[in-house]
Amino acid sequence: MENRTYNEYVLLLEGLKVTQQSTYPAFTLLLIIYIFIMVANIGLIVLISMERSLHQPMYILFCNLPLNDIVGATAMIPRLLWDILTAAPERYITYIECVIQAFCAHLFGTTSHTVLMIMAFDRYVAICNPLRYATIMTNKMVIRLSVSAWGVAIVLVGILLGLTIRLSRCRSNIFNPYCDNASLFKLSCESVLINNIYGFAFTVVLFVSSIGSISLTYLKIAIVCLSSKNSSLNSKALTTCSTHLLVYLIVIGFGVTIIILHRFPKYAELGQMCSVLFPVIPTCLNPIIYGLQTKEIKQRIFRMFHRAKVAA
């Protein structure tokens with residue numbers, strides 16, 4: 001195929017491996033999961049928006065997480081559903097669509113970290129400085145934290161993709177189930193040294209800042225809890241922090257696994273499977289974990305179901 005660089009350039013997705021016998025079961029399962037993801041995450045945002053008792057910094061900051069899950073799931077799962085029902089030689093995608101999907105995929109992964117970092121800061125202030133919590137976590141601070149979480153992610157991912165789309169292209173095959181930055185710059189026959197350097201620096205900065213800040217936060221929280229004899233404070237800290245930590249471990253676990261498998265070509269199929277599961281498992285588990293573990297949200301959900309039952 002000719003080496004063209006215009007936006008209508010058509011690519012072929014070759015990373016999704018689905019047998020003919022498993023096509024409809026895989027499609028049905030993934031569709032059900034996607035519907036659940038959308039209903040659960042939108043439902044949490046609506047619930048927090050409507051319930052005045054949940055208009056607290058912790059829950060307002062938490063809204064960024066289901067919003068990010070909606071973006072990530074919508075950017076990737078509908079396309080996966082389409083490709084499952086499409087014959088492998090006909091899974092075409094335009095270059096613009098591919099870039100948009102790659103941007104959303106990386107934004108989803110990056111914002112998962114930045115949002116969990118600002119949520120950890122909120123927990124730190126609430127537990128380590130409870131008397132100053134109201135003066136620190138004002139509406140203005142909540143807005144600043146939310147904007148910074150999304151803004152940093154957008155800038156970092158924007159530069160990542162900007163370095164890739166400047167390259168000319170001489171190939172047309174994507175060997176991943178969906179588009180990402182690595183798949184896009186592999187389409188070029190030019191040197192991608194700058195892309196690799198920035199991609200490596202991007203990953204290191206994100207993971208070091210994420211793991212470092214959250215580890216330091218929980219260390220300080222643990223010190224406060226161990227030195228405090230207030231059982232109520234310790235119980236509240238355990239409940240809210242365990243929920244946050246569990247979600248973070250799921251995100252970091254998937255991220256590290258995908259990065260490690262990406263470095264070993266012989267595990268390419270396993271890496272592709274993890275890539276498919278990344279927008280599925282965390283986005284599906286997050287509303288379940290927060291919905292069932294957070295006492296206030298769980299009470300509101302049960303109350304809504306009880307009202308619906310009484311009304312019926």
# chains A, B, ... in the order shown; residues from 1 in each chain; ligands from 1
$ select_by_dssp --residues "region 60-306 of chain A" --states "strand (DSSP E or B)" --output "list in words"
Tyr92, Ile93, Thr94, Asn173 and Ile174 of chain A
$ write_last_selection --atoms "C-alpha atoms" --output "tab-separated table (two decimals), in the first residue's frame"
chain	number	residue	atom	x	y	z
A	92	TYR	CA	-11.07	-1.71	9.03
A	93	ILE	CA	-10.73	1.54	10.94
A	94	THR	CA	-9.81	5.00	9.66
A	173	ASN	CA	-1.86	-3.24	10.14
A	174	ILE	CA	-2.69	-2.83	13.85
$ closest_atom_pairs --of "region 33-133 of chain A" --to "region 226-243 of chain A" --cutoff "9 Å" --atoms "only C-alpha atoms" --output "JSON lines"
{"residue": "A:Ala120", "atom": "CA", "partner": "A:Cys241", "partner_atom": "CA", "distance": 8.2}
{"residue": "A:Arg123", "atom": "CA", "partner": "A:Cys241", "partner_atom": "CA", "distance": 7.3}
{"residue": "A:Ala126", "atom": "CA", "partner": "A:Ala237", "partner_atom": "CA", "distance": 8.9}
{"residue": "A:Ile127", "atom": "CA", "partner": "A:Ala237", "partner_atom": "CA", "distance": 6.8}
$ atom_distance --atom1 "CA of Ile48 (chain A)" --atom2 "CA of Val115 (chain A)"
16.9 Å
$ residues_around --residues "Glu97 (chain A)" --least-positions-apart "5" --cutoff "12 Å" --atoms "only C-alpha atoms" --output "count of residues only"
18
$ select_by_dssp --residues "region 80-132 of chain A" --states "alpha helix (DSSP H)" --output "ChimeraX atom specification"
/A:80-85,95-128
